[in-house]
Amino acid sequence: MNVLPELLTSWGTAVLHLLIQPYYYIAILFIALYYRRQVALERKLIHVKLHSWGPETWRTVWTGGLMGLVVSLTAVALGVSVTYTAVACIWVVSLVLMLFRVRYLCFAYAIGALGIVQFVLSFFPGTLQSGAAGTVAGAVRDMDIPALLALAALLHVAEALLARWQGPRLATPLFLAGKRGKVVGGYQLQAFWPLPLFVLIPAGTGIGELPWHPLLGGGLGLVSLPVIIGFSEMTQGMLPGRKAARTFGRLLVYSAVLLGLSLLADLWSPLTVVAALAAILLHEGLSWYSALEERSLSPVFVHPPAGRKVLAVLQGSPAQELGILPGEILLKVNGVLLTSAAQLHEALRMNPAFCKLEVQNREGESKYLQRAIYAGDHHQLGIILVPDPDGGITAETKPSSIFSIIGMRTGIRQRGVQGDRLGRAKKTPPAEAKQTSPAEAKQESAGV
């Protein structure tokens, strides 16, 4: 009879605790900074923004909140439990790992690392019993690692669903250095979501029992656990939708394996360290396998001999209204066969009030499109073409760091400057080499 009022009181207390602790706000601030950097990257690389950091941040907040409610209900049903001290430990480890790589801001890494530390501490039961270190060690010893790993598995199910749902839309087109030194088009699929979770307090801490028998033994109390989930992929050999679909499938398999191991570890405690190691190693294996797969694929976003391939289409642009999609080939514009990017703008100017297009879709079939051109329309109808193979600007292929996100460093690089100078130096005989003044040398050094 008293279960429902006690549960509602626990929910209210947990919500209040969520609002007064800093972790959830740290998550939202980090996500807002990331999307601001994404907009800066798009402006420098393609000279127009495909996303807006404010709406994207709000979208991730409300979708993360919705998914957090689903995960919380599932975790409560399973009996996943955590203490306030464990929440602090998980966040501290996550923030430390994030300093090495942003993609390490994943609770599977943090919980896996804490599980390994707990295993090591089990061999030294008499150490770290007093002081601040003793408090932290005691909190780690008392953690229900199997239950937390089960929670990490549920979070990766949510991550898989959000990656499949929103990943293609959040993809950023990039100009990348290809295998043979040529510039190719590609996409970065990277997104983060803040999830406000509410999980149970361990049973036997002065709280009532649940009206059902949970698998993982939580009690009738709730604690707030704000988390960040996210994924990061880069592709040159697939369309964003296909890459997101593969990521979705692999994350689901990872979640199923991790959930199975955590439930087995709950039944037989020696498997806890195995599940903790699997949480880290299997996650790293996903990143390694994705990179290996990309190296085995030929780039998709390269220009054919005739026509220009489309890399991206601006939202709300004439190209989107006409149904032009990334990966399609723009063959003719106003009857002009395209063989260079400059021809697109020139062909559109032949008739500033109307345009006729011949486009080859992804299946190799031609489609004929036409549309009036109005004042204020994008000068290329909102079409972002694949970069020229000898282009001079590329983006970094390495993952973003927290310092580049905070410092708004986009990682855009100028290609060929040093190579051109070396080539000129080799062609210039030493006796005929031009004498350079100190001021000119300083300017050239700054230009590099």
# chains A, B, ... in the order shown; residues from 1 in each chain; ligands from 1

call {"tool": "select_by_dssp", "arguments": {"residues": "region 144-316 of chain A", "states": "strand (DSSP E or B)", "output": "number ranges by chain"}}
result
A: 172-177, 183-202, 218-235, 301, 308-313

call {"tool": "residues_around", "arguments": {"residues": "Leu33 (chain A)", "least_positions_apart": "6", "cutoff": "10 Å", "atoms": "only C-alpha atoms", "output": "ChimeraX atom specification"}}
result
/A:53,57,402,405-408

call {"tool": "write_last_selection", "arguments": {"atoms": "C-alpha atoms", "output": "PDB file, in the first residue's frame"}}
result
ATOM      1  CA  TRP A  53      24.380  24.638 -33.183  1.00  0.00           C
ATOM      2  CA  THR A  57      21.768  21.114 -29.206  1.00  0.00           C
ATOM      3  CA  ILE A 402      38.375  18.018 -26.064  1.00  0.00           C
ATOM      4  CA  ILE A 405      36.410  21.446 -29.305  1.00  0.00           C
ATOM      5  CA  ILE A 406      36.886  24.000 -26.530  1.00  0.00           C
ATOM      6  CA  GLY A 407      39.394  26.015 -28.595  1.00  0.00           C
ATOM      7  CA  MET A 408      37.180  25.818 -31.733  1.00  0.00           C
TER       8      MET A 408
END

call {"tool": "residues_around", "arguments": {"residues": "Leu286 (chain A)", "least_positions_apart": "3", "cutoff": "10 Å", "atoms": "only C-alpha atoms", "output": "MDAnalysis selection string"}}
result
chainID A and resid 247 250:251 254 281:283 289:292

call {"tool": "select_by_dssp", "arguments": {"residues": "region 179-402 of chain A", "states": "helix (DSSP H, G or I)", "output": "NGL selection string"}}
result
:A and (240-267 or 269-296 or 318-322 or 341-349 or 402)

call {"tool": "atom_distance", "arguments": {"atom1": "CA of Val313 (chain A)", "atom2": "CA of Leu344 (chain A)"}}
result
14.6 Å

call {"tool": "residues_around", "arguments": {"residues": "Val71 (chain A)", "least_positions_apart": "4", "cutoff": "10 Å", "atoms": "only C-alpha atoms", "output": "mmCIF file with C-alpha atoms, in the first residue's frame"}}
result
data_model
loop_
_atom_site.group_PDB
_atom_site.id
_atom_site.type_symbol
_atom_site.label_atom_id
_atom_site.label_comp_id
_atom_site.auth_asym_id
_atom_site.auth_seq_id
_atom_site.Cartn_x
_atom_site.Cartn_y
_atom_site.Cartn_z
ATOM 1 C CA GLY A 65 15.678 13.034 -22.395
ATOM 2 C CA LEU A 66 13.102 10.816 -24.077
ATOM 3 C CA MET A 67 15.583 7.975 -24.502
ATOM 4 C CA ALA A 75 16.974 -0.302 -15.651
ATOM 5 C CA VAL A 76 14.454 -0.040 -12.810
ATOM 6 C CA ALA A 77 12.694 -3.171 -14.070
ATOM 7 C CA LEU A 151 23.262 -0.374 -17.637
ATOM 8 C CA LEU A 154 21.214 -0.593 -22.257
ATOM 9 C CA LEU A 155 22.871 2.748 -23.006
ATOM 10 C CA VAL A 157 21.050 0.059 -27.301
ATOM 11 C CA ALA A 158 19.850 3.660 -26.958
ATOM 12 C CA LEU A 195 20.566 11.209 -20.966
ATOM 13 C CA PRO A 196 19.098 11.967 -17.529
ATOM 14 C CA LEU A 197 18.864 8.507 -15.955
ATOM 15 C CA PHE A 198 17.139 7.443 -12.760
ATOM 16 C CA VAL A 199 18.329 4.143 -11.308
#

call {"tool": "residues_around", "arguments": {"residues": "region 370-384 of chain A", "least_positions_apart": "6", "cutoff": "7 Å", "atoms": "only C-alpha atoms", "output": "ChimeraX atom specification"}}
result
/A:310-314,317-319,345,352-357

call {"tool": "write_last_selection", "arguments": {"atoms": "N, CA and C atoms", "output": "PDB file, in the first residue's frame"}}
result
ATOM      1  N   VAL A 310      27.697  14.791 -56.492  1.00  0.00           N
ATOM      2  CA  VAL A 310      27.146  15.613 -55.412  1.00  0.00           C
ATOM      3  C   VAL A 310      27.609  15.031 -54.078  1.00  0.00           C
ATOM      4  N   LEU A 311      28.192  15.874 -53.238  1.00  0.00           N
ATOM      5  CA  LEU A 311      28.627  15.464 -51.914  1.00  0.00           C
ATOM      6  C   LEU A 311      27.532  15.699 -50.875  1.00  0.00           C
ATOM      7  N   ALA A 312      26.876  16.854 -50.947  1.00  0.00           N
ATOM      8  CA  ALA A 312      25.840  17.189 -49.965  1.00  0.00           C
ATOM      9  C   ALA A 312      24.859  18.163 -50.587  1.00  0.00           C
ATOM     10  N   VAL A 313      23.711  18.291 -49.957  1.00  0.00           N
ATOM     11  CA  VAL A 313      22.657  19.202 -50.409  1.00  0.00           C
ATOM     12  C   VAL A 313      22.185  19.999 -49.207  1.00  0.00           C
ATOM     13  N   LEU A 314      22.093  21.318 -49.350  1.00  0.00           N
ATOM     14  CA  LEU A 314      21.662  22.174 -48.247  1.00  0.00           C
ATOM     15  C   LEU A 314      20.184  21.963 -47.952  1.00  0.00           C
ATOM     16  N   SER A 317      17.026  24.010 -49.741  1.00  0.00           N
ATOM     17  CA  SER A 317      17.567  24.619 -50.958  1.00  0.00           C
ATOM     18  C   SER A 317      16.788  24.153 -52.183  1.00  0.00           C
ATOM     19  N   PRO A 318      16.961  24.831 -53.343  1.00  0.00           N
ATOM     20  CA  PRO A 318      16.327  24.356 -54.582  1.00  0.00           C
ATOM     21  C   PRO A 318      16.715  22.924 -54.929  1.00  0.00           C
ATOM     22  N   ALA A 319      17.979  22.547 -54.684  1.00  0.00           N
ATOM     23  CA  ALA A 319      18.406  21.184 -54.982  1.00  0.00           C
ATOM     24  C   ALA A 319      17.622  20.167 -54.172  1.00  0.00           C
ATOM     25  N   HIS A 345      28.497  26.873 -62.029  1.00  0.00           N
ATOM     26  CA  HIS A 345      28.063  28.249 -61.837  1.00  0.00           C
ATOM     27  C   HIS A 345      27.904  28.964 -63.179  1.00  0.00           C
ATOM     28  N   PRO A 352      19.545  33.008 -65.957  1.00  0.00           N
ATOM     29  CA  PRO A 352      19.433  33.307 -64.524  1.00  0.00           C
ATOM     30  C   PRO A 352      18.028  33.135 -63.960  1.00  0.00           C
ATOM     31  N   ALA A 353      17.011  32.897 -64.807  1.00  0.00           N
ATOM     32  CA  ALA A 353      15.641  32.774 -64.318  1.00  0.00           C
ATOM     33  C   ALA A 353      15.144  31.340 -64.300  1.00  0.00           C
ATOM     34  N   PHE A 354      15.865  30.410 -64.948  1.00  0.00           N
ATOM     35  CA  PHE A 354      15.362  29.048 -65.078  1.00  0.00           C
ATOM     36  C   PHE A 354      16.547  28.106 -65.290  1.00  0.00           C
ATOM     37  N   CYS A 355      16.407  26.870 -64.849  1.00  0.00           N
ATOM     38  CA  CYS A 355      17.477  25.899 -65.049  1.00  0.00           C
ATOM     39  C   CYS A 355      16.897  24.536 -65.398  1.00  0.00           C
ATOM     40  N   LYS A 356      17.627  23.833 -66.242  1.00  0.00           N
ATOM     41  CA  LYS A 356      17.294  22.454 -66.595  1.00  0.00           C
ATOM     42  C   LYS A 356      18.494  21.581 -66.267  1.00  0.00           C
ATOM     43  N   LEU A 357      18.232  20.488 -65.579  1.00  0.00           N
ATOM     44  CA  LEU A 357      19.305  19.624 -65.115  1.00  0.00           C
ATOM     45  C   LEU A 357      19.096  18.197 -65.594  1.00  0.00           C
TER      46      LEU A 357
END

call {"tool": "closest_atom_pairs", "arguments": {"of": "region 320-385 of chain A", "to": "region 227-244 of chain A", "cutoff": "12 Å", "atoms": "only C-alpha atoms", "output": "Markdown table"}}
result
| residue | atom | partner | partner_atom | distance |
| --- | --- | --- | --- | --- |
| A:Leu325 | CA | A:Leu239 | CA | 10.4 |
| A:Pro326 | CA | A:Leu239 | CA | 7.8 |
| A:Gly327 | CA | A:Leu239 | CA | 7.3 |
| A:Glu328 | CA | A:Leu239 | CA | 10.9 |
| A:Arg362 | CA | A:Leu239 | CA | 10.5 |

call {"tool": "write_last_selection", "arguments": {"atoms": "all heavy atoms", "output": "mmCIF file, in the first residue's frame"}}
result
data_model
loop_
_atom_site.group_PDB
_atom_site.id
_atom_site.type_symbol
_atom_site.label_atom_id
_atom_site.label_comp_id
_atom_site.auth_asym_id
_atom_site.auth_seq_id
_atom_site.Cartn_x
_atom_site.Cartn_y
_atom_site.Cartn_z
ATOM 1 N N LEU A 325 20.122 14.102 -54.483
ATOM 2 C CA LEU A 325 20.633 13.419 -53.294
ATOM 3 C C LEU A 325 22.157 13.303 -53.337
ATOM 4 O O LEU A 325 22.748 13.265 -54.422
ATOM 5 C CB LEU A 325 20.035 12.014 -53.192
ATOM 6 C CG LEU A 325 18.516 11.919 -53.112
ATOM 7 C CD1 LEU A 325 18.087 10.462 -53.193
ATOM 8 C CD2 LEU A 325 18.003 12.565 -51.832
ATOM 9 N N PRO A 326 22.800 13.249 -52.172
ATOM 10 C CA PRO A 326 24.247 12.986 -52.149
ATOM 11 C C PRO A 326 24.562 11.662 -52.825
ATOM 12 O O PRO A 326 23.839 10.673 -52.673
ATOM 13 C CB PRO A 326 24.565 12.932 -50.645
ATOM 14 C CG PRO A 326 23.495 13.747 -50.000
ATOM 15 C CD PRO A 326 22.265 13.521 -50.817
ATOM 16 N N GLY A 327 25.659 11.650 -53.589
ATOM 17 C CA GLY A 327 26.050 10.459 -54.319
ATOM 18 C C GLY A 327 25.556 10.431 -55.749
ATOM 19 O O GLY A 327 26.020 9.605 -56.548
ATOM 20 N N GLU A 328 24.631 11.313 -56.108
ATOM 21 C CA GLU A 328 24.174 11.388 -57.495
ATOM 22 C C GLU A 328 25.147 12.231 -58.321
ATOM 23 O O GLU A 328 25.962 12.981 -57.771
ATOM 24 C CB GLU A 328 22.764 11.970 -57.557
ATOM 25 C CG GLU A 328 21.720 11.070 -56.900
ATOM 26 C CD GLU A 328 20.309 11.574 -57.065
ATOM 27 O OE1 GLU A 328 20.117 12.808 -57.241
ATOM 28 O OE2 GLU A 328 19.378 10.750 -57.006
ATOM 29 N N ARG A 362 21.768 7.190 -58.113
ATOM 30 C CA ARG A 362 22.734 6.230 -57.585
ATOM 31 C C ARG A 362 22.670 4.887 -58.311
ATOM 32 O O ARG A 362 23.629 4.120 -58.273
ATOM 33 C CB ARG A 362 22.482 6.020 -56.088
ATOM 34 C CG ARG A 362 22.679 7.274 -55.253
ATOM 35 C CD ARG A 362 22.117 7.082 -53.863
ATOM 36 N NE ARG A 362 22.194 8.297 -53.060
ATOM 37 C CZ ARG A 362 21.589 8.453 -51.882
ATOM 38 N NH1 ARG A 362 20.851 7.466 -51.390
ATOM 39 N NH2 ARG A 362 21.698 9.577 -51.217
#

call {"tool": "closest_residue", "arguments": {"among": "A:Met350, A:Leu69, A:Ile280, A:Leu176", "to": "Pro194 (chain A)", "atoms": "only C-alpha atoms"}}
result
A:Leu69

call {"tool": "closest_residue", "arguments": {"among": "A:Gly260, A:Gly185, A:Pro202, A:Gly392", "to": "Val223 (chain A)", "atoms": "only C-alpha atoms"}}
result
A:Pro202

call {"tool": "closest_residue", "arguments": {"among": "A:Lys182, A:Leu348, A:Leu225, A:Ile329", "to": "Asp390 (chain A)", "atoms": "only C-alpha atoms"}}
result
A:Lys182

call {"tool": "closest_residue", "arguments": {"among": "A:Ala171, A:Leu322, A:Ala88, A:Ala14", "to": "Gln190 (chain A)", "atoms": "only C-alpha atoms"}}
result
A:Ala171

call {"tool": "atom_distance", "arguments": {"atom1": "CA of Leu330 (chain A)", "atom2": "CA of Val300 (chain A)"}}
result
14.8 Å

call {"tool": "residues_around", "arguments": {"residues": "region 95-108 of chain A", "least_positions_apart": "6", "cutoff": "6 Å", "atoms": "only C-alpha atoms", "output": "JSON, numbers by chain"}}
result
{"A": [152, 279, 401, 402]}

call {"tool": "write_last_selection", "arguments": {"atoms": "all heavy atoms", "output": "PDB file, in the first residue's frame"}}
result
ATOM      1  N   ALA A 152      25.325  -0.097 -18.935  1.00  0.00           N
ATOM      2  CA  ALA A 152      26.098   0.323 -20.106  1.00  0.00           C
ATOM      3  C   ALA A 152      25.583  -0.356 -21.370  1.00  0.00           C
ATOM      4  O   ALA A 152      25.533   0.261 -22.450  1.00  0.00           O
ATOM      5  CB  ALA A 152      27.575   0.006 -19.903  1.00  0.00           C
ATOM      6  N   ALA A 279      33.916  -5.055 -21.958  1.00  0.00           N
ATOM      7  CA  ALA A 279      33.280  -3.759 -22.217  1.00  0.00           C
ATOM      8  C   ALA A 279      34.231  -2.811 -22.933  1.00  0.00           C
ATOM      9  O   ALA A 279      33.831  -2.054 -23.833  1.00  0.00           O
ATOM     10  CB  ALA A 279      32.804  -3.145 -20.902  1.00  0.00           C
ATOM     11  N   SER A 401      39.613  16.168 -30.324  1.00  0.00           N
ATOM     12  CA  SER A 401      40.015  16.163 -28.920  1.00  0.00           C
ATOM     13  C   SER A 401      39.194  17.202 -28.175  1.00  0.00           C
ATOM     14  O   SER A 401      38.634  18.122 -28.769  1.00  0.00           O
ATOM     15  CB  SER A 401      41.508  16.481 -28.782  1.00  0.00           C
ATOM     16  OG  SER A 401      41.760  17.833 -29.139  1.00  0.00           O
ATOM     17  N   ILE A 402      39.131  17.062 -26.863  1.00  0.00           N
ATOM     18  CA  ILE A 402      38.375  18.018 -26.064  1.00  0.00           C
ATOM     19  C   ILE A 402      38.978  19.414 -26.175  1.00  0.00           C
ATOM     20  O   ILE A 402      38.269  20.425 -26.151  1.00  0.00           O
ATOM     21  CB  ILE A 402      38.311  17.560 -24.586  1.00  0.00           C
ATOM     22  CG1 ILE A 402      37.440  18.499 -23.763  1.00  0.00           C
ATOM     23  CG2 ILE A 402      39.689  17.424 -23.998  1.00  0.00           C
ATOM     24  CD1 ILE A 402      36.013  18.582 -24.216  1.00  0.00           C
TER      25      ILE A 402
END
